[in-house]
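What's in entry.tsv: TSV, C-alpha atoms
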chain	number	residue	atom	x	y	z
A	1	MET	CA	22.22	12.74	-26.66
A	2	PHE	CA	18.65	14.05	-26.33
A	3	VAL	CA	17.51	14.23	-22.73
A	4	LEU	CA	13.96	15.12	-21.74
A	5	VAL	CA	13.85	16.47	-18.19
A	6	VAL	CA	10.45	16.69	-16.52
A	7	GLY	CA	10.09	19.00	-13.52
A	8	GLY	CA	11.63	22.45	-13.31
A	9	GLY	CA	12.38	22.61	-9.61
A	10	LYS	CA	15.91	23.03	-8.33
A	11	VAL	CA	16.93	19.53	-9.43
A	12	GLY	CA	15.47	19.84	-12.92
A	13	TYR	CA	16.88	23.32	-13.39
A	14	TYR	CA	20.46	22.44	-12.50
A	15	LEU	CA	20.23	19.13	-14.34
A	16	ALA	CA	19.15	20.85	-17.56
A	17	LYS	CA	21.82	23.50	-17.13
A	18	GLU	CA	24.63	21.01	-16.61
A	19	LEU	CA	23.48	18.83	-19.51
A	20	LEU	CA	23.38	21.84	-21.82
A	21	GLU	CA	26.85	22.85	-20.76
A	22	SER	CA	28.16	19.42	-21.65
A	23	GLY	CA	26.67	19.78	-25.09
A	24	HIS	CA	23.56	17.62	-24.92
A	25	GLU	CA	20.22	18.42	-26.44
A	26	VAL	CA	17.77	19.13	-23.63
A	27	VAL	CA	14.08	19.88	-23.31
A	28	LEU	CA	12.80	20.79	-19.86
A	29	MET	CA	9.09	20.41	-19.11
A	30	GLU	CA	7.62	22.58	-16.38
A	31	LYS	CA	3.88	23.04	-15.99
A	32	ASP	CA	4.04	26.23	-13.94
A	33	ARG	CA	4.12	28.97	-16.59
A	34	ALA	CA	5.81	31.56	-14.40
A	35	ARG	CA	8.53	29.17	-13.34
A	36	ALA	CA	8.93	27.96	-16.94
A	37	SER	CA	9.47	31.45	-18.31
A	38	GLN	CA	11.86	32.29	-15.48
A	39	ILE	CA	14.00	29.28	-16.40
A	40	ALA	CA	13.76	30.11	-20.10
A	41	ASP	CA	15.06	33.62	-19.34
A	42	GLU	CA	18.04	32.13	-17.60
A	43	ILE	CA	19.08	29.19	-19.74
A	44	GLY	CA	17.36	29.72	-23.07
A	45	SER	CA	14.34	28.53	-24.97
A	46	ILE	CA	14.57	24.86	-24.13
A	47	VAL	CA	11.59	25.00	-21.77
A	48	PHE	CA	8.28	23.45	-22.76
A	49	PRO	CA	5.70	25.02	-20.45
A	50	ASN	CA	3.29	22.12	-20.09
A	51	ASP	CA	2.49	19.23	-17.79
A	52	GLY	CA	4.85	16.33	-18.45
A	53	CYS	CA	2.35	13.90	-16.96
A	54	GLU	CA	-0.02	14.52	-19.83
A	55	GLY	CA	0.55	12.08	-22.69
A	56	LYS	CA	-0.23	14.66	-25.36
A	57	TYR	CA	2.39	17.10	-24.11
A	58	LEU	CA	5.03	14.43	-23.65
A	59	GLY	CA	4.54	13.61	-27.31
A	60	GLU	CA	4.79	17.26	-28.33
A	61	ALA	CA	7.99	17.67	-26.34
A	62	GLY	CA	9.58	14.98	-28.50
A	63	CYS	CA	9.44	12.14	-26.02
A	64	SER	CA	9.40	9.48	-28.73
A	65	ARG	CA	12.88	10.42	-29.92
A	66	ALA	CA	14.39	11.00	-26.45
A	67	ASP	CA	17.38	8.86	-25.46
A	68	ILE	CA	16.75	9.48	-21.79
A	69	VAL	CA	13.78	10.76	-19.81
A	70	ALA	CA	14.55	12.05	-16.32
A	71	ALA	CA	11.50	12.57	-14.10
A	72	VAL	CA	12.60	14.82	-11.26
A	73	THR	CA	9.43	16.46	-9.95
A	74	GLY	CA	8.81	16.50	-6.21
A	75	ASP	CA	5.99	13.95	-6.42
A	76	ASP	CA	6.71	10.23	-6.59
A	77	GLU	CA	3.46	9.38	-8.34
A	78	ASP	CA	4.15	11.91	-11.09
A	79	ASN	CA	7.68	10.62	-11.61
A	80	LEU	CA	6.43	7.04	-11.81
A	81	VAL	CA	3.80	7.85	-14.40
A	82	ILE	CA	6.17	9.99	-16.49
A	83	CYS	CA	8.68	7.14	-16.63
A	84	GLN	CA	6.08	4.49	-17.39
A	85	MET	CA	4.55	6.57	-20.17
A	86	ALA	CA	8.01	7.26	-21.59
A	87	LYS	CA	9.02	3.62	-21.38
A	88	HIS	CA	5.90	1.86	-22.53
A	89	HIS	CA	4.16	4.40	-24.71
A	90	PHE	CA	7.08	6.23	-26.30
A	91	ASP	CA	9.69	3.47	-26.26
A	92	VAL	CA	12.31	5.57	-24.54
A	93	PRO	CA	15.38	3.38	-23.92
A	94	ARG	CA	16.32	4.79	-20.54
A	95	THR	CA	14.18	6.31	-17.81
A	96	ILE	CA	15.36	7.84	-14.56
A	97	ALA	CA	13.09	8.74	-11.63
A	98	ARG	CA	13.63	10.72	-8.49
A	99	VAL	CA	11.96	8.93	-5.58
A	100	ASN	CA	11.28	10.57	-2.25
A	101	ASN	CA	9.67	7.74	-0.30
A	102	PRO	CA	12.31	4.99	-0.03
A	103	LYS	CA	9.50	2.47	0.21
A	104	ASN	CA	8.59	3.23	-3.40
A	105	GLU	CA	11.99	2.28	-4.79
A	106	GLU	CA	11.23	-1.38	-5.26
A	107	LEU	CA	7.85	-0.70	-6.83
A	108	PHE	CA	9.38	1.72	-9.33
A	109	ARG	CA	12.05	-0.79	-10.27
A	110	HIS	CA	9.49	-3.55	-10.60
A	111	LEU	CA	7.28	-1.39	-12.78
A	112	GLY	CA	10.07	-0.80	-15.26
A	113	VAL	CA	11.83	2.43	-14.28
A	114	ASP	CA	15.47	1.91	-15.30
A	115	GLU	CA	17.19	4.00	-12.70
A	116	ILE	CA	15.99	5.24	-9.34
A	117	ILE	CA	17.58	8.10	-7.48
A	118	SER	CA	16.48	8.46	-3.89
A	119	PRO	CA	17.85	11.50	-2.06
A	120	THR	CA	16.21	10.23	1.13
A	121	ARG	CA	18.00	6.90	0.86
A	122	MET	CA	21.32	8.57	0.11
A	123	ILE	CA	21.17	10.87	3.10
A	124	LEU	CA	19.98	7.98	5.25
A	125	GLY	CA	22.90	5.87	4.07
A	126	SER	CA	25.31	8.63	4.82
A	127	ILE	CA	23.94	9.12	8.33
A	128	GLU	CA	24.00	5.38	9.03
A	129	GLN	CA	27.65	5.19	8.06
A	130	ASP	CA	28.45	7.85	10.62
A	131	ILE	CA	26.62	6.13	13.45
A	132	PRO	CA	28.08	2.67	14.04
A	133	VAL	CA	25.18	1.30	16.03
A	134	HIS	CA	23.64	-2.14	16.14
A	135	GLU	CA	22.38	-1.74	12.65
A	136	LEU	CA	23.35	-3.18	9.34
A	137	LEU	CA	25.30	-0.75	7.22
A	138	HIS	CA	24.67	-0.42	3.51
A	139	LEU	CA	28.08	-0.07	1.99
A	140	ALA	CA	27.15	0.05	-1.67
A	141	ALA	CA	24.54	-0.89	-4.23
A	142	LEU	CA	25.72	-3.05	-7.08
A	143	GLY	CA	25.03	-1.51	-10.46
A	144	ASP	CA	21.41	-1.56	-11.42
A	145	SER	CA	20.66	-4.93	-9.86
A	146	ASP	CA	18.94	-4.93	-6.49
A	147	LEU	CA	21.98	-6.40	-4.79
A	148	GLU	CA	23.82	-4.51	-2.13
A	149	ILE	CA	26.89	-4.95	-0.02
A	150	ILE	CA	26.03	-4.93	3.65
A	151	GLU	CA	28.20	-4.84	6.73
A	152	ALA	CA	27.01	-6.29	10.04
A	153	HIS	CA	28.91	-5.35	13.18
A	154	LEU	CA	28.64	-8.23	15.67
A	155	GLN	CA	27.99	-7.06	19.22
A	156	ASP	CA	27.56	-8.79	22.55
A	157	GLY	CA	24.27	-10.63	22.39
A	158	SER	CA	24.36	-11.28	18.67
A	159	PRO	CA	23.01	-14.77	18.00
A	160	ALA	CA	25.89	-15.40	15.56
A	161	VAL	CA	28.72	-14.93	18.09
A	162	GLY	CA	30.49	-18.21	18.87
A	163	ARG	CA	28.98	-19.94	15.89
A	164	THR	CA	30.49	-20.92	12.59
A	165	LEU	CA	29.24	-19.79	9.23
A	166	ALA	CA	27.75	-23.24	8.72
A	167	ASP	CA	25.51	-22.67	11.77
A	168	VAL	CA	24.20	-19.31	10.63
A	169	GLU	CA	21.02	-19.49	8.61
A	170	VAL	CA	21.82	-17.31	5.65
A	171	PRO	CA	18.73	-16.11	3.80
A	172	ASP	CA	18.28	-17.22	0.19
A	173	GLY	CA	19.86	-14.94	-2.34
A	174	CYS	CA	22.40	-13.71	0.16
A	175	SER	CA	26.00	-14.64	0.75
A	176	LEU	CA	28.39	-13.87	3.61
A	177	PHE	CA	31.82	-13.63	2.08
A	178	ALA	CA	34.29	-11.91	4.34
A	179	VAL	CA	34.97	-10.97	7.93
A	180	VAL	CA	36.96	-7.98	9.12
A	181	ARG	CA	38.65	-8.69	12.46
A	182	ASP	CA	41.10	-6.24	14.04
A	183	GLY	CA	41.31	-4.38	10.77
A	184	VAL	CA	42.25	-7.48	8.78
A	185	ALA	CA	39.87	-8.83	6.16
A	186	THR	CA	39.73	-12.57	5.66
A	187	PRO	CA	37.45	-14.71	3.54
A	188	LEU	CA	34.67	-16.28	5.55
A	189	ARG	CA	34.95	-20.08	5.56
A	190	ALA	CA	32.39	-22.56	6.77
A	191	ASP	CA	34.50	-23.25	9.90
A	192	THR	CA	35.27	-19.61	10.80
A	193	VAL	CA	34.00	-18.98	14.35
A	194	LEU	CA	32.39	-15.55	14.61
A	195	ALA	CA	33.33	-13.32	17.54
A	196	VAL	CA	32.23	-10.08	19.16
A	197	GLY	CA	33.63	-7.12	17.22
A	198	ASP	CA	33.70	-8.92	13.89
A	199	LYS	CA	32.43	-7.07	10.89
A	200	VAL	CA	30.72	-9.52	8.58
A	201	ILE	CA	30.47	-8.44	4.97
A	202	ALA	CA	27.53	-9.81	3.03
A	203	ILE	CA	26.18	-9.40	-0.42
A	204	GLY	CA	22.52	-9.91	-1.06
A	205	LYS	CA	19.16	-8.61	-2.11
A	206	ALA	CA	17.75	-5.68	-0.20
A	207	ASP	CA	14.79	-7.76	0.92
A	208	CYS	CA	17.06	-10.26	2.73
A	209	GLU	CA	17.94	-7.54	5.16
A	210	ALA	CA	15.38	-8.37	7.83
A	211	GLN	CA	16.43	-12.03	8.02
A	212	LEU	CA	20.07	-11.11	7.97
A	213	ARG	CA	19.51	-8.72	10.84
A	214	ASP	CA	17.79	-11.44	12.87
A	215	GLN	CA	20.72	-13.79	12.32
A	216	LEU	CA	23.61	-11.42	12.83
A	217	ILE	CA	22.36	-8.56	14.98
A	218	GLY	CA	19.53	-10.07	16.98
A	219	ALA	CA	16.40	-8.44	18.31
A	220	ALA	CA	15.63	-5.03	16.89
A	221	GLU	CA	15.43	-3.27	20.25
A	222	ALA	CA	19.02	-4.21	21.13
B	1	MET	CA	-17.75	-8.05	-2.46
B	2	LYS	CA	-15.03	-6.39	-0.43
B	3	ILE	CA	-14.29	-3.08	-2.10
B	4	VAL	CA	-11.58	-0.53	-1.26
B	5	ILE	CA	-12.11	3.00	-2.57
B	6	VAL	CA	-9.26	5.50	-2.62
B	7	GLY	CA	-10.46	9.11	-2.59
B	8	CYS	CA	-13.61	10.33	-0.85
B	9	GLY	CA	-14.52	13.04	-3.33
B	10	ARG	CA	-17.93	13.33	-4.96
B	11	VAL	CA	-17.55	10.18	-7.04
B	12	GLY	CA	-15.90	8.14	-4.27
B	13	ALA	CA	-18.47	9.15	-1.65
B	14	VAL	CA	-21.52	8.56	-3.86
B	15	LEU	CA	-20.21	5.18	-4.95
B	16	ALA	CA	-19.30	4.18	-1.40
B	17	GLU	CA	-22.81	5.02	-0.24
B	18	SER	CA	-24.46	3.09	-3.02
B	19	LEU	CA	-22.23	0.02	-2.67
B	20	ASP	CA	-22.72	0.06	1.09
B	21	HIS	CA	-26.51	0.17	0.67
B	22	ASP	CA	-26.25	-2.77	-1.71
B	23	GLY	CA	-24.68	-4.78	1.09
B	24	HIS	CA	-21.03	-4.77	0.01
B	25	GLU	CA	-18.14	-4.40	2.44
B	26	VAL	CA	-16.77	-0.94	1.69
B	27	ILE	CA	-13.53	0.62	2.95
B	28	ILE	CA	-12.88	4.19	1.84
B	29	ILE	CA	-9.54	5.99	2.18
B	30	ASP	CA	-8.79	9.70	2.01
B	31	LEU	CA	-5.97	11.99	3.09
B	32	LEU	CA	-8.39	14.37	4.81
B	33	THR	CA	-10.81	13.42	7.57
B	34	ARG	CA	-13.03	16.26	6.40
B	35	ALA	CA	-13.61	14.46	3.11
B	36	PHE	CA	-15.60	11.84	5.02
B	37	ASP	CA	-18.27	14.49	5.72
B	38	ARG	CA	-19.53	13.62	2.25
B	39	LEU	CA	-20.55	10.17	3.48
B	40	PRO	CA	-24.10	9.75	4.81
B	41	GLY	CA	-24.67	9.41	8.55
B	42	ASP	CA	-25.77	5.80	8.17
B	43	PHE	CA	-22.69	4.73	6.19
B	44	GLY	CA	-21.92	1.21	7.37
B	45	GLY	CA	-18.45	0.82	5.90
B	46	GLN	CA	-15.06	1.87	7.21
B	47	ALA	CA	-13.46	5.27	6.59
B	48	ILE	CA	-9.68	5.34	6.93
B	49	ARG	CA	-7.52	8.43	6.87
B	50	GLY	CA	-4.28	7.90	4.99
B	51	ASP	CA	-2.38	8.01	1.74
B	52	GLY	CA	-3.89	5.53	-0.71
B	53	THR	CA	-0.64	5.27	-2.68
B	54	ASP	CA	1.14	4.01	0.43
B	55	GLU	CA	1.40	0.25	0.76
B	56	ASP	CA	1.07	0.35	4.55
B	57	THR	CA	-2.15	2.33	4.37
B	58	LEU	CA	-3.63	-0.09	1.86
B	59	ARG	CA	-2.72	-3.04	4.06
B	60	ARG	CA	-4.18	-1.32	7.10
B	61	ALA	CA	-7.37	-0.89	5.12
B	62	GLY	CA	-7.46	-4.64	4.54
B	63	ALA	CA	-6.83	-4.34	0.83
B	64	ALA	CA	-4.84	-7.58	0.80
B	65	ASP	CA	-7.99	-9.69	0.54
B	66	ALA	CA	-10.22	-7.17	-1.20
B	67	ASP	CA	-11.95	-8.16	-4.42
B	68	VAL	CA	-11.38	-4.82	-6.06
B	69	LEU	CA	-9.73	-1.46	-5.49
B	70	LEU	CA	-11.14	1.68	-7.08
B	71	ALA	CA	-8.79	4.67	-7.25
B	72	LEU	CA	-10.95	7.76	-7.59
B	73	THR	CA	-8.97	10.74	-6.30
B	74	GLU	CA	-8.61	13.96	-8.28
B	75	GLY	CA	-5.09	13.11	-9.44
B	76	ASP	CA	-4.61	10.79	-12.41
B	77	ASN	CA	-1.14	9.81	-11.30
B	78	ARG	CA	-2.14	9.20	-7.71
B	79	ASN	CA	-4.89	6.90	-8.98
B	80	VAL	CA	-2.56	5.03	-11.28
B	81	MET	CA	0.01	4.61	-8.55
B	82	ALA	CA	-2.54	3.49	-5.95
B	83	ALA	CA	-3.85	0.88	-8.38
B	84	GLN	CA	-0.36	-0.38	-9.22
B	85	VAL	CA	0.73	-0.56	-5.57
B	86	ALA	CA	-2.50	-2.45	-4.81
B	87	ILE	CA	-1.96	-5.02	-7.55
B	88	GLU	CA	1.80	-5.42	-7.47
B	89	ASN	CA	2.60	-5.08	-3.78
B	90	VAL	CA	-0.58	-5.76	-1.85
B	91	GLY	CA	-2.05	-8.45	-4.07
B	92	VAL	CA	-5.49	-7.00	-4.83
B	93	LYS	CA	-7.10	-9.08	-7.57
B	94	LYS	CA	-8.53	-6.25	-9.60
B	95	ALA	CA	-8.07	-2.49	-9.68
B	96	MET	CA	-9.58	0.39	-11.58
B	97	ALA	CA	-8.11	3.88	-11.80
B	98	LYS	CA	-9.90	7.07	-12.79
B	99	VAL	CA	-7.62	8.65	-15.39
B	100	ASN	CA	-8.87	11.81	-17.05
B	101	ASP	CA	-6.07	12.05	-19.61
B	102	PRO	CA	-7.27	9.85	-22.50
B	103	VAL	CA	-3.72	8.98	-23.58
B	104	ARG	CA	-2.76	7.81	-20.11
B	105	ALA	CA	-6.08	5.97	-19.73
B	106	ALA	CA	-5.38	3.87	-22.82
B	107	ALA	CA	-1.75	3.34	-21.88
B	108	TYR	CA	-2.48	2.02	-18.40
B	109	ALA	CA	-5.13	-0.39	-19.60
B	110	GLU	CA	-2.30	-1.92	-21.65
B	111	LEU	CA	-0.25	-2.13	-18.47
B	112	GLY	CA	-2.87	-4.15	-16.64
B	113	ILE	CA	-5.02	-1.55	-14.90
B	114	ALA	CA	-8.60	-0.95	-15.91
B	115	THR	CA	-9.22	2.75	-16.40
B	116	ILE	CA	-12.20	5.04	-16.59
B	117	CYS	CA	-11.81	8.35	-18.37
B	118	ARG	CA	-14.18	11.17	-17.50
B	119	THR	CA	-12.97	13.25	-20.43
B	120	THR	CA	-14.03	10.82	-23.14
B	121	MET	CA	-17.14	9.84	-21.16
B	122	LEU	CA	-18.38	13.43	-20.92
B	123	SER	CA	-17.49	14.48	-24.44
B	124	ASP	CA	-19.16	11.38	-25.81
B	125	ALA	CA	-22.30	12.04	-23.76
B	126	ILE	CA	-22.42	15.68	-24.82
B	127	GLU	CA	-22.02	14.79	-28.47
B	128	GLY	CA	-24.89	12.37	-28.01
B	129	PHE	CA	-27.01	15.10	-26.41
B	130	LEU	CA	-26.29	17.40	-29.34
B	131	GLY	CA	-27.29	14.71	-31.79
B	132	LEU	CA	-23.75	14.62	-33.24
B	133	PRO	CA	-21.98	11.43	-34.23
B	134	ARG	CA	-20.29	9.87	-31.19
B	135	SER	CA	-16.53	9.53	-31.09
B	136	GLY	CA	-16.86	5.85	-30.25
B	137	VAL	CA	-13.76	6.03	-28.03
B	138	PRO	CA	-14.47	3.83	-25.00
B	139	SER	CA	-14.40	5.64	-21.67
B	140	VAL	CA	-14.09	2.47	-19.65
B	141	ILE	CA	-11.14	0.38	-20.77
B	142	PRO	CA	-10.67	-3.04	-19.20
B	143	ALA	CA	-7.17	-4.16	-18.31
B	144	VAL	CA	-5.70	-5.85	-21.35
B	145	ALA	CA	-3.75	-8.41	-19.35
B	146	HIS	CA	-2.16	-8.31	-15.98
B	147	GLN	CA	1.51	-7.68	-16.65
B	148	HIS	CA	3.48	-9.24	-13.84
B	149	GLU	CA	6.60	-7.95	-15.46
B	150	PRO	CA	5.72	-4.61	-16.99
B	151	ARG	CA	9.36	-4.30	-18.00
B	152	HIS	CA	8.59	-6.61	-20.86
B	153	ALA	CA	5.30	-5.01	-21.81
B	154	PRO	CA	5.00	-4.74	-25.56
B	155	ALA	CA	5.37	-1.32	-27.05
B	156	PHE	CA	2.21	0.11	-28.47
B	157	GLY	CA	0.76	3.30	-29.86
B	158	ALA	CA	3.26	3.59	-32.68
B	159	GLU	CA	1.67	6.66	-34.20
B	160	PRO	CA	2.66	10.02	-32.71
B	161	ILE	CA	0.06	10.79	-30.11
B	162	GLY	CA	0.42	14.55	-30.30
B	163	ARG	CA	-1.91	14.50	-33.29
B	164	GLU	CA	-4.86	13.10	-31.41
B	165	GLY	CA	-7.92	15.21	-30.76

Mind converting the file's structure to structure tokens?
Amino acid sequence: MFVLVVGGGKVGYYLAKELLESGHEVVLMEKDRARASQIADEIGSIVFPNDGCEGKYLGEAGCSRADIVAAVTGDDEDNLVICQMAKHHFDVPRTIARVNNPKNEELFRHLGVDEIISPTRMILGSIEQDIPVHELLHLAALGDSDLEIIEAHLQDGSPAVGRTLADVEVPDGCSLFAVVRDGVATPLRADTVLAVGDKVIAIGKADCEAQLRDQLIGAAEA
Amino acid sequence: MKIVIVGCGRVGAVLAESLDHDGHEVIIIDLLTRAFDRLPGDFGGQAIRGDGTDEDTLRRAGAADADVLLALTEGDNRNVMAAQVAIENVGVKKAMAKVNDPVRAAAYAELGIATICRTTMLSDAIEGFLGLPRSGVPSVIPAVAHQHEPRHAPAFGAEPIGREG
């Protein structure tokens, strides 16, 4: 497989190195000449010392025959443009972008980037799992759709306590499917009465989250 | 017209001044407060400090009901991203991005963003000044069509672009 990696920071460097070790063809683009030659000294002459945001240089680096383009610079706007150019101008089948601002994830996806890796989101997710507060927990993302599995821990004061599933206004595109009570998971039926301490497991689009929080957790300042 | 300008550099500031004098509602955004020193003392528009590629900043600037957004910072990619955020997320009707890389300028016009390319504009003007034949490459490229789903944008530019220029 031919992988074009753009951005020779720590991420790009180790990515290129690992890919080479597993036998893939790799070209790494890094616009800083000094950094480019340093990497070339270490892992060989696979470094193309030019700006991967520039259409001309992407072409020269062989973008049009790349199977995958991975844009891993430190700047979201650069990664977006690299992926869009690769996708729409060079017909690259698969583009991967590193995204720093979690708010940009949806935009990137909407604008055609195939895969989005957000270190910020990952660390955030990991921290949230460790702090069982009044928040919704993101348990997992489902493949490359924008669906995720969410867990809501019902506390005193939650508007859903004492109500049945039928009484909870579930946002469109979202489904509550199970409840974990005293460590036992049971399917959520329309007549299940929710209680304090229940963990409700939902599957839905990321943008349902706010409504889901209103229904299951209550006011944000709780 | 209500016009949002991202980037208060030379071009952004001069344009903001002129549009303001013509009676338009102008909102100009820049990361640095100091950049607003370029605006004249009698500038009647709004100057907002913030990141023009950030949706929240654009909303705060009132971009949601603006007629047009002009992205004129020094960075091609920042301009392209500001224009795309404005159209896709904020709902601005029309956006133009300054893109100095001719390849990117043509590509983004295909993706629904009007572009203006200083590189082709200047080289064309200089060739004209020298009495040489003009390249004829347009420096202002209107948006081909607004792609609501860029995922399905048709592929274009089949010839290898490395050979250009």

Can you list every residue of chain A that has an atom at most 12 Å from chain B, with its nearest atom pair and the distance in Å to one decimal, using all atoms listed in the file, ordered by chain then number, as a tab-separated table?
residue	atom	partner	partner_atom	distance
A:Asp51	CA	B:Asp101	CA	11.3
A:Gly52	CA	B:Asn77	CA	11.4
A:Cys53	CA	B:Asn77	CA	7.8
A:Glu54	CA	B:Asp101	CA	6.5
A:Gly55	CA	B:Val103	CA	5.4
A:Lys56	CA	B:Gly162	CA	5.0
A:Tyr57	CA	B:Gly162	CA	7.0
A:Leu58	CA	B:Gly162	CA	8.1
A:Gly59	CA	B:Gly162	CA	5.2
A:Glu60	CA	B:Gly162	CA	5.5
A:Ala61	CA	B:Gly162	CA	9.1
A:Gly62	CA	B:Gly162	CA	9.3
A:Cys63	CA	B:Pro160	CA	9.8
A:Ser64	CA	B:Pro160	CA	7.8
A:Arg65	CA	B:Pro160	CA	10.6
A:Asp75	CA	B:Arg78	CA	9.5
A:Asp76	CA	B:Met81	CA	9.0
A:Glu77	CA	B:Asn77	CA	5.5
A:Asp78	CA	B:Asn77	CA	5.7
A:Asn79	CA	B:Asn77	CA	8.9
A:Leu80	CA	B:Met81	CA	7.6
A:Val81	CA	B:Asn77	CA	6.2
A:Ile82	CA	B:Asn77	CA	9.0
A:Cys83	CA	B:Asn77	CA	11.5
A:Gln84	CA	B:Tyr108	CA	9.0
A:Met85	CA	B:Ala107	CA	7.3
A:Ala86	CA	B:Ala155	CA	10.5
A:Lys87	CA	B:Ala155	CA	8.4
A:His88	CA	B:Ala155	CA	5.6
A:His89	CA	B:Phe156	CA	6.0
A:Phe90	CA	B:Ala155	CA	7.8
A:Asp91	CA	B:Ala155	CA	6.5
A:Val92	CA	B:Ala155	CA	10.1
A:Pro93	CA	B:Arg151	CA	11.4
A:Arg94	CA	B:Arg151	CA	11.7
A:Thr95	CA	B:Arg151	CA	11.7
A:Asn101	CA	B:Asp54	CA	9.3
A:Pro102	CA	B:Asp54	CA	11.2
A:Lys103	CA	B:Glu55	CA	8.4
A:Asn104	CA	B:Asp54	CA	8.4
A:Glu105	CA	B:Val85	CA	11.6
A:Glu106	CA	B:Asn89	CA	9.5
A:Leu107	CA	B:Val85	CA	7.2
A:Phe108	CA	B:Val85	CA	9.7
A:Arg109	CA	B:Arg151	CA	8.9
A:His110	CA	B:Glu149	CA	7.2
A:Leu111	CA	B:Pro150	CA	5.5
A:Gly112	CA	B:Arg151	CA	4.5
A:Val113	CA	B:Arg151	CA	8.1
A:Asp114	CA	B:Arg151	CA	9.1

Using all atoms listed in the file for the distances, tell me which of B:Pro142, B:Gly128, B:Pro133, B:Gly7 is nearest to Thr115 in chain B. B:Pro142

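Pairwise distance (CA of Ala71 in chain A, CA of Val144 in chain B) equals 26.2 Å.
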
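The coordinates place CA of Ile113 in chain B at 28.9 Å from CA of Arg34 in chain B.
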
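Excluding Ile43 in chain A itself and any same-chain residue fewer than 2 positions from it, the protein and nucleic acid residues within 9 Å of it, counting all atoms listed in the file, are Tyr13, Ala16, Lys17, Leu20, Gln38, Ile39, Ala40, Asp41, Ser45, Ile46 and Val47 of chain A.
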
Restricting the calculation to only C-alpha atoms, which member of A:Gly204, A:Gly143, A:Gly183, A:Pro49 is positioned closest to Val170 in chain A? A:Gly204

Find the distance between CA of Leu4 in chain A and CA of Glu25 in chain A and write it in Å to one decimal. 8.5 Å

Report as an mmCIF file with C-alpha atoms, in the frame of the given file all protein, DNA and RNA residues lying within 8 Å of range 5-8 of chain A, evaluated on all atoms listed in the file, omitting residues in the same chain fewer than 6 positions from it.
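So the final result, stored in part33.cif, reads:
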data_model
loop_
_atom_site.group_PDB
_atom_site.id
_atom_site.type_symbol
_atom_site.label_atom_id
_atom_site.label_comp_id
_atom_site.auth_asym_id
_atom_site.auth_seq_id
_atom_site.Cartn_x
_atom_site.Cartn_y
_atom_site.Cartn_z
ATOM 1 C CA LEU A 15 20.230 19.130 -14.340
ATOM 2 C CA ALA A 16 19.150 20.850 -17.560
ATOM 3 C CA VAL A 26 17.770 19.130 -23.630
ATOM 4 C CA VAL A 27 14.080 19.880 -23.310
ATOM 5 C CA LEU A 28 12.800 20.790 -19.860
ATOM 6 C CA MET A 29 9.090 20.410 -19.110
ATOM 7 C CA GLU A 30 7.620 22.580 -16.380
ATOM 8 C CA LYS A 31 3.880 23.040 -15.990
ATOM 9 C CA ARG A 35 8.530 29.170 -13.340
ATOM 10 C CA ALA A 36 8.930 27.960 -16.940
ATOM 11 C CA ILE A 39 14.000 29.280 -16.400
ATOM 12 C CA GLY A 52 4.850 16.330 -18.450
ATOM 13 C CA VAL A 69 13.780 10.760 -19.810
ATOM 14 C CA ALA A 70 14.550 12.050 -16.320
ATOM 15 C CA ALA A 71 11.500 12.570 -14.100
ATOM 16 C CA VAL A 72 12.600 14.820 -11.260
ATOM 17 C CA THR A 73 9.430 16.460 -9.950
ATOM 18 C CA GLY A 74 8.810 16.500 -6.210
ATOM 19 C CA ILE A 82 6.170 9.990 -16.490
#

Got a sec: who's within 10 Å of Leu69 in chain B, counting only C-alpha atoms, leaving out chain neighbours fewer than 5 positions off, as an MDAnalysis selection string? chainID B and resid 2:6 27:28 58 63 82:83 86:87 92:97

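Counting all atoms listed in the file, Ser139 in chain B has the following residues at most 6 Å away, ignoring those fewer than 6 positions along the same chain: B:Ile116, B:Cys117, B:Thr120, B:Met121.
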